[in-house]
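Asks: Next comes the structure file coords.cif, holding mmCIF, C-alpha atoms and all ligand atoms.
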data_start
loop_
_atom_site.label_atom_id
_atom_site.label_comp_id
_atom_site.auth_asym_id
_atom_site.auth_seq_id
_atom_site.Cartn_x
_atom_site.Cartn_y
_atom_site.Cartn_z
CA MET A 1 4.71 1.17 0.37
CA ARG A 2 5.27 1.90 -3.29
CA LEU A 3 7.79 0.82 -5.88
CA TYR A 4 8.57 3.72 -8.21
CA ARG A 5 10.03 3.52 -11.73
CA GLY A 6 12.21 6.61 -11.73
CA HIS A 7 12.63 9.14 -14.49
CA ASP A 8 16.13 7.67 -14.89
CA GLY A 9 14.72 4.15 -15.46
CA LYS A 10 15.71 2.79 -12.01
CA LEU A 11 13.35 1.17 -9.50
CA ARG A 12 13.18 2.74 -6.04
CA LEU A 13 11.54 2.16 -2.67
CA PHE A 14 10.85 5.20 -0.50
CA ARG A 15 12.10 4.88 3.11
CA PRO A 16 11.45 1.11 3.24
CA TRP A 17 13.34 0.86 6.55
CA SER A 18 10.69 3.01 8.24
CA ASN A 19 7.95 0.84 6.79
CA THR A 20 9.41 -2.49 7.89
CA ASP A 21 10.20 -1.13 11.38
CA ARG A 22 6.60 0.06 11.68
CA MET A 23 5.31 -3.31 10.49
CA LEU A 24 7.21 -4.94 13.34
CA ARG A 25 5.71 -2.52 15.87
CA SER A 26 2.22 -3.03 14.43
CA ALA A 27 2.52 -6.83 14.36
CA THR A 28 3.71 -7.08 17.94
CA ARG A 29 0.93 -4.67 19.09
CA ILE A 30 -1.55 -7.44 18.20
CA ALA A 31 0.67 -10.23 19.58
CA LEU A 32 1.88 -11.58 16.24
CA PRO A 33 5.38 -13.08 16.37
CA ALA A 34 8.29 -10.64 16.03
CA PHE A 35 10.62 -10.79 13.02
CA ASP A 36 13.75 -9.13 11.73
CA PRO A 37 12.66 -6.05 9.75
CA ALA A 38 15.80 -6.28 7.61
CA ALA A 39 14.74 -9.81 6.55
CA LEU A 40 11.29 -8.46 5.59
CA LEU A 41 12.94 -5.74 3.52
CA ASP A 42 15.06 -8.40 1.78
CA LEU A 43 11.92 -10.32 0.80
CA ILE A 44 10.19 -7.17 -0.46
CA ALA A 45 13.23 -6.03 -2.45
CA THR A 46 13.65 -9.52 -3.97
CA LEU A 47 9.99 -9.61 -5.04
CA CYS A 48 10.34 -6.10 -6.50
CA ALA A 49 13.47 -7.08 -8.43
CA VAL A 50 11.67 -10.08 -9.96
CA ASP A 51 8.13 -8.76 -10.53
CA GLY A 52 8.86 -5.01 -10.76
CA PRO A 53 10.13 -5.11 -14.37
CA ARG A 54 7.18 -7.29 -15.46
CA TRP A 55 4.76 -4.48 -14.56
CA LEU A 56 6.99 -1.43 -14.76
CA ASP A 57 8.82 -1.57 -18.02
CA ARG A 58 12.27 0.07 -17.78
CA ASP A 59 11.55 2.67 -20.47
CA GLY A 60 7.78 2.77 -20.94
CA ALA A 61 6.83 3.01 -17.26
CA ARG A 62 8.96 5.92 -16.09
CA GLY A 63 7.00 7.96 -13.54
CA ARG A 64 4.71 5.01 -12.70
CA TYR A 65 4.60 2.78 -9.63
CA LEU A 66 3.32 -0.40 -8.00
CA TYR A 67 1.56 -0.47 -4.66
CA ILE A 68 3.15 -2.91 -2.18
CA ARG A 69 1.14 -4.33 0.69
CA PRO A 70 2.81 -6.75 3.07
CA LEU A 71 0.22 -8.47 5.24
CA MET A 72 0.61 -10.70 8.26
CA PHE A 73 -1.96 -12.78 10.12
CA GLY A 74 -1.97 -15.47 12.80
CA SER A 75 -2.21 -18.95 11.29
CA ASP A 76 -2.27 -21.25 14.32
CA PRO A 77 -4.50 -24.30 13.80
CA SER A 78 -6.74 -23.25 16.73
CA TYR A 79 -9.94 -21.33 17.45
CA GLY A 80 -8.77 -20.10 20.83
CA VAL A 81 -8.34 -16.44 21.69
CA GLU A 82 -4.65 -16.60 22.42
CA LYS A 83 -1.33 -15.28 21.25
CA PRO A 84 -0.52 -16.95 17.91
CA GLU A 85 2.68 -18.95 17.66
CA GLU A 86 2.60 -19.06 13.88
CA ALA A 87 1.90 -16.38 11.33
CA MET A 88 1.57 -16.11 7.58
CA LEU A 89 3.31 -13.29 5.71
CA VAL A 90 2.01 -12.29 2.28
CA ILE A 91 3.44 -9.53 0.11
CA MET A 92 1.08 -8.19 -2.55
CA LEU A 93 2.06 -5.98 -5.47
CA ALA A 94 -0.56 -4.09 -7.49
CA PRO A 95 -0.21 -1.75 -10.46
CA GLN A 96 -1.70 1.75 -10.04
CA PRO A 97 -2.27 4.48 -12.61
CA SER A 98 -0.55 7.72 -11.42
CA VAL A 99 0.99 9.46 -8.43
CA ASP A 100 -1.60 12.23 -8.32
CA THR A 101 -4.86 11.20 -6.68
CA GLY A 102 -5.75 14.81 -5.83
CA ARG A 103 -8.70 16.74 -7.30
CA PRO A 104 -8.20 20.08 -9.06
CA ARG A 105 -10.37 21.85 -6.48
CA GLY A 106 -9.25 19.73 -3.54
CA ILE A 107 -10.97 16.89 -1.73
CA GLY A 108 -13.91 17.20 0.64
CA LEU A 109 -13.78 16.11 4.30
CA LEU A 110 -16.80 15.54 6.52
CA ALA A 111 -16.09 15.89 10.24
CA SER A 112 -16.94 12.75 12.22
CA GLU A 113 -20.08 12.99 14.35
CA GLU A 114 -20.19 12.78 18.11
CA GLY A 115 -19.77 9.19 19.24
CA THR A 116 -17.92 8.12 16.09
CA VAL A 117 -14.20 7.84 16.77
CA ARG A 118 -11.34 6.20 14.91
CA ALA A 119 -8.93 5.78 17.81
CA TRP A 120 -8.80 6.32 21.56
CA PRO A 121 -6.16 6.58 24.30
CA GLY A 122 -4.66 3.17 25.05
CA GLY A 123 -6.01 1.71 21.79
CA HIS A 124 -4.22 0.84 18.54
CA GLY A 125 -4.75 3.90 16.36
CA TRP A 126 -0.97 4.28 15.98
CA ALA A 127 -0.52 0.77 14.52
CA LYS A 128 -1.22 -0.38 10.97
CA VAL A 129 -3.66 -3.15 11.90
CA GLY A 130 -6.83 -4.22 10.09
CA ALA A 131 -9.01 -3.34 13.08
CA ASN A 132 -8.40 0.36 12.37
CA TYR A 133 -10.13 0.28 8.96
CA GLY A 134 -13.31 -1.79 8.91
CA PRO A 135 -14.98 0.15 11.74
CA GLY A 136 -14.49 3.47 9.91
CA LEU A 137 -16.05 2.37 6.63
CA ASN A 138 -19.68 3.16 7.54
CA ALA A 139 -18.69 6.74 8.34
CA GLN A 140 -16.72 6.84 5.11
CA GLY A 141 -19.76 5.58 3.16
CA GLU A 142 -21.93 8.26 4.79
CA ALA A 143 -19.38 10.96 3.87
CA ARG A 144 -19.42 9.76 0.24
CA ARG A 145 -23.21 9.64 0.16
CA ARG A 146 -23.26 13.29 1.25
CA GLY A 147 -20.84 14.33 -1.48
CA TYR A 148 -17.55 14.39 0.47
CA ASP A 149 -14.55 12.15 -0.18
CA THR A 150 -13.66 11.00 3.29
CA VAL A 151 -13.96 11.53 7.04
CA LEU A 152 -12.12 14.05 9.18
CA TRP A 153 -11.67 12.08 12.38
CA LEU A 154 -12.20 14.12 15.55
CA LEU A 155 -11.88 13.11 19.18
CA GLU A 156 -13.55 15.02 22.00
CA ARG A 157 -11.52 15.08 25.20
CA GLY A 158 -10.39 17.52 27.86
CA GLY A 159 -12.89 20.11 26.61
CA ALA A 160 -11.35 20.14 23.12
CA LEU A 161 -12.44 18.61 19.83
CA GLU A 162 -9.12 17.30 18.53
CA LEU A 163 -8.35 16.74 14.85
CA THR A 164 -6.61 13.40 14.49
CA GLU A 165 -6.55 12.08 10.90
CA GLY A 166 -8.37 12.35 7.57
CA GLY A 167 -9.63 9.05 6.12
CA ALA A 168 -6.64 6.73 6.48
CA SER A 169 -4.04 9.47 6.23
CA ASN A 170 -2.35 12.11 8.36
CA ILE A 171 -3.48 15.73 8.33
CA PHE A 172 -1.61 19.05 8.11
CA VAL A 173 -2.96 22.57 8.59
CA VAL A 174 -1.32 25.84 7.51
CA TRP A 175 -2.62 28.92 9.32
CA ASP A 176 -1.61 32.36 10.49
CA VAL A 177 -1.26 32.79 14.24
CA ASP A 178 -0.33 36.22 15.66
CA GLY A 179 1.05 37.24 12.28
CA ARG A 180 3.23 34.09 11.92
CA THR A 181 2.62 31.24 9.46
CA GLU A 182 2.47 27.82 11.10
CA LEU A 183 2.42 24.32 9.58
CA VAL A 184 0.84 22.05 12.17
CA THR A 185 0.08 18.34 12.47
CA PRO A 186 -1.20 16.50 15.55
CA PRO A 187 1.48 14.75 17.64
CA ILE A 188 1.95 10.96 17.60
CA GLU A 189 2.54 10.87 21.36
CA GLY A 190 -0.59 9.51 22.98
CA GLY A 191 -1.08 6.78 20.37
CA LEU A 192 -4.11 8.20 18.51
CA ILE A 193 -2.32 8.92 15.29
CA LEU A 194 -0.74 6.52 12.85
CA GLU A 195 2.99 7.13 12.52
CA GLY A 196 2.95 7.93 8.81
CA VAL A 197 6.21 7.75 6.89
CA THR A 198 4.95 10.53 4.60
CA ARG A 199 4.04 12.61 7.69
CA ALA A 200 7.55 12.21 9.12
CA SER A 201 9.11 13.06 5.74
CA ILE A 202 6.96 16.18 5.30
CA LEU A 203 7.94 17.34 8.79
CA GLU A 204 11.65 16.86 8.08
CA LEU A 205 11.52 18.58 4.68
CA ALA A 206 9.41 21.45 6.03
CA ARG A 207 11.73 22.04 9.00
CA GLU A 208 14.76 21.98 6.73
CA ARG A 209 13.42 24.02 3.82
CA LEU A 210 10.42 26.11 4.91
CA GLY A 211 11.80 27.14 8.30
CA ARG A 212 14.16 29.63 6.69
CA GLU A 213 11.20 31.21 4.89
CA GLY A 214 9.53 31.94 8.20
CA VAL A 215 7.11 28.99 8.28
CA GLU A 216 7.06 27.52 11.79
CA VAL A 217 6.62 23.77 11.90
CA ALA A 218 4.86 22.26 14.91
CA GLU A 219 3.54 18.92 16.13
CA LYS A 220 0.77 19.88 18.49
CA LYS A 221 -2.90 19.29 19.22
CA LEU A 222 -5.33 21.01 16.87
CA ASP A 223 -8.73 21.93 18.28
CA MET A 224 -11.58 22.09 15.76
CA ARG A 225 -12.95 25.21 17.55
CA GLU A 226 -9.60 26.95 16.95
CA VAL A 227 -9.68 25.93 13.30
CA ALA A 228 -13.27 27.25 13.08
CA ARG A 229 -12.09 30.56 14.50
CA ALA A 230 -9.25 30.69 11.97
CA VAL A 231 -11.78 30.11 9.17
CA ARG A 232 -13.98 32.97 10.43
CA GLU A 233 -10.97 35.28 10.72
CA ASP A 234 -9.66 34.25 7.30
CA ARG A 235 -6.42 32.83 8.78
CA LEU A 236 -6.78 29.24 7.55
CA LYS A 237 -4.41 29.00 4.58
CA GLU A 238 -4.25 25.29 3.67
CA VAL A 239 -5.29 21.84 4.81
CA PHE A 240 -3.85 18.67 3.27
CA LEU A 241 -3.80 14.93 3.83
CA VAL A 242 -0.63 12.88 3.48
CA GLY A 243 0.07 9.16 3.17
CA THR A 244 1.40 6.62 0.72
CA ALA A 245 -2.06 6.10 -0.81
CA VAL A 246 -3.26 9.74 -1.01
CA PHE A 247 0.30 11.11 -1.39
CA VAL A 248 -0.23 14.84 -0.67
CA SER A 249 -3.89 15.74 -1.26
CA GLN A 250 -5.13 19.26 -0.78
CA VAL A 251 -8.46 19.71 0.98
CA GLY A 252 -10.94 22.14 -0.62
CA VAL A 253 -13.97 21.72 1.63
CA ILE A 254 -14.59 20.74 5.25
CA GLY A 255 -18.12 19.95 6.40
CA PHE A 256 -18.58 20.65 10.13
CA GLU A 257 -21.77 21.07 12.14
CA GLY A 258 -23.93 21.58 9.06
CA GLU A 259 -21.67 24.18 7.46
CA ASP A 260 -19.22 23.86 4.57
CA TRP A 261 -15.92 25.69 4.94
CA GLN A 262 -14.15 26.53 1.70
CA VAL A 263 -10.43 25.97 2.23
CA PRO A 264 -7.93 27.72 -0.05
CA LEU A 265 -5.43 25.61 -2.00
CA GLY A 266 -1.95 26.91 -1.33
CA GLU A 267 1.62 26.41 -2.33
CA VAL A 268 2.98 24.78 0.83
CA ALA A 269 1.36 21.46 -0.12
CA THR A 270 2.41 21.81 -3.77
CA ARG A 271 6.04 22.47 -2.92
CA LEU A 272 6.30 19.65 -0.38
CA LYS A 273 4.76 17.28 -2.90
CA GLY A 274 7.30 18.36 -5.53
CA TRP A 275 10.21 17.73 -3.16
CA LEU A 276 8.92 14.26 -2.29
CA LYS A 277 8.40 13.36 -5.95
CA GLU A 278 11.97 14.39 -6.82
CA ILE A 279 13.25 11.89 -4.25
CA MET A 280 10.83 9.09 -5.17
CA TYR A 281 11.57 9.31 -8.90
CA GLY A 282 15.31 9.80 -8.50
CA ASP A 283 15.50 13.34 -9.90
CA VAL A 284 17.75 14.08 -6.91
CA ALA A 285 19.94 11.62 -5.00
CA HIS A 286 18.65 11.18 -1.45
CA GLU A 287 19.24 8.79 1.45
CA TRP A 288 15.47 8.10 1.69
CA ALA A 289 15.47 6.22 -1.63
CA LEU A 290 16.61 2.59 -1.94
CA VAL A 291 17.42 1.57 -5.50
CA VAL A 292 16.28 -1.97 -6.38
CA ASN A 293 18.41 -3.39 -9.17
CA ASP A 294 16.36 -5.14 -11.84
C1 LIG A 301 -1.00 4.20 6.31
C2 LIG A 301 -1.71 5.22 7.09
C3 LIG A 301 -1.27 6.56 7.13
C4 LIG A 301 -0.13 7.08 6.30
O1 LIG A 301 1.07 6.43 6.54
P1 LIG A 301 2.21 6.40 5.42
O2 LIG A 301 3.30 5.65 6.06
O3 LIG A 301 2.55 7.80 5.14
O4 LIG A 301 1.62 5.72 4.23
C5 LIG A 301 -1.96 7.45 7.94
N1 LIG A 301 -3.02 7.07 8.66
C6 LIG A 301 -3.48 5.80 8.63
C7 LIG A 301 -4.66 5.44 9.45
C8 LIG A 301 -2.85 4.84 7.83
O5 LIG A 301 -3.31 3.61 7.80
#
Now that the file is in, can you turn its structure into structure tokens?
Replies:
Amino acid sequence: MRLYRGHDGKLRLFRPWSNTDRMLRSATRIALPAFDPAALLDLIATLCAVDGPRWLDRDGARGRYLYIRPLMFGSDPSYGVEKPEEAMLVIMLAPQPSVDTGRPRGIGLLASEEGTVRAWPGGHGWAKVGANYGPGLNAQGEARRRGYDTVLWLLERGGALELTEGGASNIFVVWDVDGRTELVTPPIEGGLILEGVTRASILELARERLGREGVEVAEKKLDMREVARAVREDRLKEVFLVGTAVFVSQVGVIGFEGEDWQVPLGEVATRLKGWLKEIMYGDVAHEWALVVND
């Protein structure tokens, strides 16, 4: 999560309820003890009220933020492979420079190779657990070595090559299908995809505000072969990654089967990003923001 110093000088958390609920689901997926998510939010808000102003000065730090990472691990005094009865909860706060991690010409994604998967049916891809990250770092290093920024995670099944996520963030595609414009992201049903809070927010904002402009919003499987066809037919309009860390990052290049696709940068991502920022920095009042009094 992040703690934002708003343009009005107030501190805000963005949809912290969704984050603490997800932390409970993630913790119990790996058999850590359950807890009351509201109590976790109390701890986070208290820490933010005390340490927030030390790092985010009320006047000088408007438009800046701290990164918040709550972390939980089993702490039983035992080596056994068994369900822990005790756990340690740590909440880390770290200063970060700016909200925009995007590149002017977009980031580069390298499609994962056959046999390299991030998540699988019945696994834990949907949960925010450490085991989802370490195993992807070799592929990430290889993508960097070849001049891309991160990995586009694919999964081959049922005769399709499904897009799942990009790096450690959710992915959206804008394309034209039968003369209609569609904004598509893979569904969370099936457990392959992490239930991003940014993803859910983008979906809600897009349905509410882009629907009336004729953009159809869909959560459905995306097959890489279909995306390849859209590239050839010049129907791929935008691709972007979303998440707390990357925020909304437009993709400029996708490397797939030895070819580089140039992806246009469009205004759907830019507008969604603007709407999220307005809420995070308190330019508009919104139920997704929780003000922390400091
Ligand atoms: C955290 C994360 C996301 C994005 O989730 P947000 O709640 O939007 O930050 C997406 N994918 C993975 C693998 C993640 O770890």
Asks: With distances taken over all atoms listed in the file, which of A:Glu114, A:Asp42, A:Glu156, A:Glu165 is nearest to ligand LIG 301 (chain A)?
Replies: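 Looking at the shortest contact to ligand LIG 301 (chain A), the residue is A:Glu165.
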Asks: Can you pull out the residues contacting Asp260 in chain A? Cut-off 12 Å, using all atoms listed in the file, and skip same-chain residues under 5 positions away; I want them as JSON, numbers by chain.
Replies: {"A": [108, 109, 110, 111, 146, 147, 148, 228, 231, 252, 253, 254, 255]}
Asks: Counting only C-alpha atoms and all ligand atoms, name the residues that have an atom within 6 Å of an atom of ligand LIG 301 (chain A); the answer should be given as a list in words.
Replies: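 If we count only C-alpha atoms and all ligand atoms, the neighbours of ligand LIG 301 (chain A) turn out to be Lys128, Ala168, Ser169, Asn170, Leu194, Gly196, Val197, Thr198, Arg199, Gly243 and Thr244 of chain A.
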Asks: Could you list, as a PDB file with C-alpha atoms, in the coordinates of the input, every residue within 8 Å of Arg15 in chain A, counting all atoms listed in the file and ignoring same-chain residues fewer than 3 positions away?
Replies:
ATOM      1  CA  SER A  18      10.690   3.010   8.240  1.00  0.00           C
ATOM      2  CA  ASN A  19       7.950   0.840   6.790  1.00  0.00           C
ATOM      3  CA  VAL A 197       6.210   7.750   6.890  1.00  0.00           C
ATOM      4  CA  TRP A 288      15.470   8.100   1.690  1.00  0.00           C
ATOM      5  CA  ALA A 289      15.470   6.220  -1.630  1.00  0.00           C
ATOM      6  CA  LEU A 290      16.610   2.590  -1.940  1.00  0.00           C
TER       7      LEU A 290
END
Asks: Compile the contact shell of Ala218 in chain A as a ChimeraX atom specification: residues with an atom at most 7 Å away, counting all atoms listed in the file, same-chain residues fewer than 5 positions apart removed.
Replies: /A:183-185
Asks: Those residues you just picked out, can you put them in a file as a PDB file, keeping the file's coordinate frame with C-alpha atoms?
Replies:
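Writing the result to part_27.pdb gives the following:
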ATOM      1  CA  LEU A 183       2.420  24.320   9.580  1.00  0.00           C
ATOM      2  CA  VAL A 184       0.840  22.050  12.170  1.00  0.00           C
ATOM      3  CA  THR A 185       0.080  18.340  12.470  1.00  0.00           C
TER       4      THR A 185
END
Asks: Please identify all polymer residues within 12 Å of Arg25 in chain A, counting only C-alpha atoms, omitting same-chain residues fewer than 4 positions from it, and present them as a list in words.
Replies: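 Within the cut-off, the hits are Ser18, Asn19, Thr20, Asp21, Arg29, Ile30, Ala31, Leu32, Pro33, Ala34, Phe35, Asp36, Pro37, His124, Trp126, Ala127, Lys128, Val129, Leu194 and Glu195 of chain A.
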Asks: Residues near Thr46 in chain A, anyone? I mean within 12 Å using only C-alpha atoms, not counting same-chain ones fewer than 3 positions away, as a list of chain:residue names.
Replies: A:Leu13, A:Ala39, A:Leu40, A:Leu41, A:Asp42, A:Leu43, A:Ala49, A:Val50, A:Asp51, A:Gly52, A:Pro53, A:Ile91, A:Val291, A:Val292, A:Asn293, A:Asp294
Asks: At what distance in Å, to one decimal, does CA of Leu93 in chain A lie from CA of Phe172 in chain A?
Replies: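 Computed distance, CA of Phe172 in chain A to CA of Leu93 in chain A, equals 28.7 Å.
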Asks: When distances are computed from all atoms listed in the file, which of A:Trp17, A:Val81, A:Asp234, A:Phe73 shows the smallest separation from Glu287 in chain A?
Replies: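 So, comparing all the options, the nearest one is A:Trp17.
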Asks: Just to confirm, what's the straight-line distance from CA of Arg69 in chain A to CA of Arg2 in chain A in Å (one decimal)?
Replies: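 CA of Arg69 in chain A sits 8.5 Å away from CA of Arg2 in chain A.
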Asks: Between A:Phe240, A:Met72, A:Ala87, A:Pro135, which is the closest to Gly106 in chain A once you count only C-alpha atoms?
Replies: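 Of A:Phe240, A:Met72, A:Ala87, A:Pro135, the one nearest Gly106 in chain A, counting only C-alpha atoms, is A:Phe240.
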Asks: Ranking A:Leu137, A:Leu3, A:Val263, A:Val90 by minimum distance to Ala230 in chain A and counting only C-alpha atoms, which one comes first?
Replies: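 Nearest to Ala230 in chain A: A:Val263.
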Asks: Please determine, counting all atoms listed in the file, which residue among A:Trp55, A:Thr116, A:Ala27, A:Gly134 has the shortest atom-to-atom distance to Leu89 in chain A.
Replies: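 Of A:Trp55, A:Thr116, A:Ala27, A:Gly134, the one nearest Leu89 in chain A is A:Ala27, counting all atoms listed in the file.
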Asks: Box in all listed atoms of range 138-147 of chain A, axis-aligned, with 3 Å more on each side; write out centre and edge lengths in Å to one decimal as JSON.
Replies:
{"center_x": -20.0, "center_y": 8.7, "center_z": 3.4, "size_x": 12.5, "size_y": 17.2, "size_z": 15.8}
Asks: Please indicate the distance in Å from CA of Gly166 in chain A to CA of Leu152 in chain A, rounded to one decimal place.
Replies: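 Computing it gives 4.4 Å between the two atoms.
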Asks: Measuring atom to atom with all atoms listed in the file, identify which of A:Pro84, A:Gly191, A:Gly60, A:Gly159 is nearest to Ala119 in chain A.
Replies: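 Checking each of A:Pro84, A:Gly191, A:Gly60, A:Gly159 against Ala119 in chain A, counting all atoms listed in the file, the winner is A:Gly191.
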Asks: Could all heavy atoms be built for range 29-38 of chain A and written out as a JSON list (two decimals), in the frame of the given file?
Replies:
[["chain", "number", "residue", "atom", "x", "y", "z"],
["A", 29, "ARG", "N", 2.05, -5.30, 18.35],
["A", 29, "ARG", "CA", 0.93, -4.67, 19.09],
["A", 29, "ARG", "C", -0.25, -5.64, 19.20],
["A", 29, "ARG", "O", -0.99, -5.64, 20.16],
["A", 29, "ARG", "CB", 0.49, -3.38, 18.39],
["A", 29, "ARG", "CG", -0.79, -2.74, 18.94],
["A", 29, "ARG", "CD", -0.60, -2.25, 20.36],
["A", 29, "ARG", "NE", -1.81, -1.67, 20.95],
["A", 29, "ARG", "CZ", -2.79, -2.36, 21.51],
["A", 29, "ARG", "NH1", -2.73, -3.68, 21.56],
["A", 29, "ARG", "NH2", -3.84, -1.74, 22.02],
["A", 30, "ILE", "N", -0.44, -6.48, 18.16],
["A", 30, "ILE", "CA", -1.55, -7.44, 18.20],
["A", 30, "ILE", "C", -1.02, -8.86, 18.42],
["A", 30, "ILE", "O", -1.64, -9.83, 17.99],
["A", 30, "ILE", "CB", -2.45, -7.34, 16.94],
["A", 30, "ILE", "CG1", -1.64, -7.49, 15.65],
["A", 30, "ILE", "CG2", -3.20, -6.01, 16.94],
["A", 30, "ILE", "CD1", -2.51, -7.63, 14.40],
["A", 31, "ALA", "N", 0.13, -8.96, 19.10],
["A", 31, "ALA", "CA", 0.67, -10.23, 19.58],
["A", 31, "ALA", "C", 1.09, -11.21, 18.49],
["A", 31, "ALA", "O", 1.23, -12.40, 18.74],
["A", 31, "ALA", "CB", -0.34, -10.91, 20.53],
["A", 32, "LEU", "N", 1.31, -10.70, 17.28],
["A", 32, "LEU", "CA", 1.88, -11.58, 16.24],
["A", 32, "LEU", "C", 3.36, -11.75, 16.55],
["A", 32, "LEU", "O", 3.97, -10.90, 17.20],
["A", 32, "LEU", "CB", 1.70, -10.95, 14.85],
["A", 32, "LEU", "CG", 0.27, -11.01, 14.31],
["A", 32, "LEU", "CD1", 0.10, -10.08, 13.11],
["A", 32, "LEU", "CD2", -0.09, -12.45, 13.91],
["A", 33, "PRO", "N", 3.96, -12.86, 16.09],
["A", 33, "PRO", "CA", 5.38, -13.08, 16.37],
["A", 33, "PRO", "C", 6.25, -11.95, 15.81],
["A", 33, "PRO", "O", 5.95, -11.38, 14.76],
["A", 33, "PRO", "CB", 5.69, -14.40, 15.66],
["A", 33, "PRO", "CG", 4.38, -15.02, 15.33],
["A", 33, "PRO", "CD", 3.36, -13.94, 15.29],
["A", 34, "ALA", "N", 7.34, -11.65, 16.51],
["A", 34, "ALA", "CA", 8.29, -10.64, 16.03],
["A", 34, "ALA", "C", 9.12, -11.23, 14.89],
["A", 34, "ALA", "O", 9.15, -12.44, 14.69],
["A", 34, "ALA", "CB", 9.19, -10.20, 17.17],
["A", 35, "PHE", "N", 9.76, -10.35, 14.13],
["A", 35, "PHE", "CA", 10.62, -10.79, 13.02],
["A", 35, "PHE", "C", 11.70, -9.75, 12.84],
["A", 35, "PHE", "O", 11.63, -8.66, 13.43],
["A", 35, "PHE", "CB", 9.79, -10.96, 11.74],
["A", 35, "PHE", "CG", 9.00, -9.73, 11.38],
["A", 35, "PHE", "CD1", 9.57, -8.70, 10.65],
["A", 35, "PHE", "CD2", 7.68, -9.57, 11.82],
["A", 35, "PHE", "CE1", 8.86, -7.55, 10.36],
["A", 35, "PHE", "CE2", 6.96, -8.42, 11.53],
["A", 35, "PHE", "CZ", 7.55, -7.42, 10.79],
["A", 36, "ASP", "N", 12.67, -10.07, 12.01],
["A", 36, "ASP", "CA", 13.75, -9.13, 11.73],
["A", 36, "ASP", "C", 13.31, -8.23, 10.57],
["A", 36, "ASP", "O", 13.11, -8.71, 9.46],
["A", 36, "ASP", "CB", 15.01, -9.94, 11.36],
["A", 36, "ASP", "CG", 16.16, -9.04, 10.94],
["A", 36, "ASP", "OD1", 16.01, -7.80, 11.03],
["A", 36, "ASP", "OD2", 17.20, -9.58, 10.52],
["A", 37, "PRO", "N", 13.14, -6.93, 10.82],
["A", 37, "PRO", "CA", 12.66, -6.05, 9.75],
["A", 37, "PRO", "C", 13.58, -6.04, 8.53],
["A", 37, "PRO", "O", 13.11, -5.88, 7.40],
["A", 37, "PRO", "CB", 12.63, -4.66, 10.39],
["A", 37, "PRO", "CG", 12.91, -4.82, 11.83],
["A", 37, "PRO", "CD", 13.36, -6.22, 12.10],
["A", 38, "ALA", "N", 14.87, -6.26, 8.75],
["A", 38, "ALA", "CA", 15.80, -6.28, 7.61],
["A", 38, "ALA", "C", 15.51, -7.49, 6.72],
["A", 38, "ALA", "O", 15.65, -7.42, 5.49],
["A", 38, "ALA", "CB", 17.24, -6.31, 8.10]]
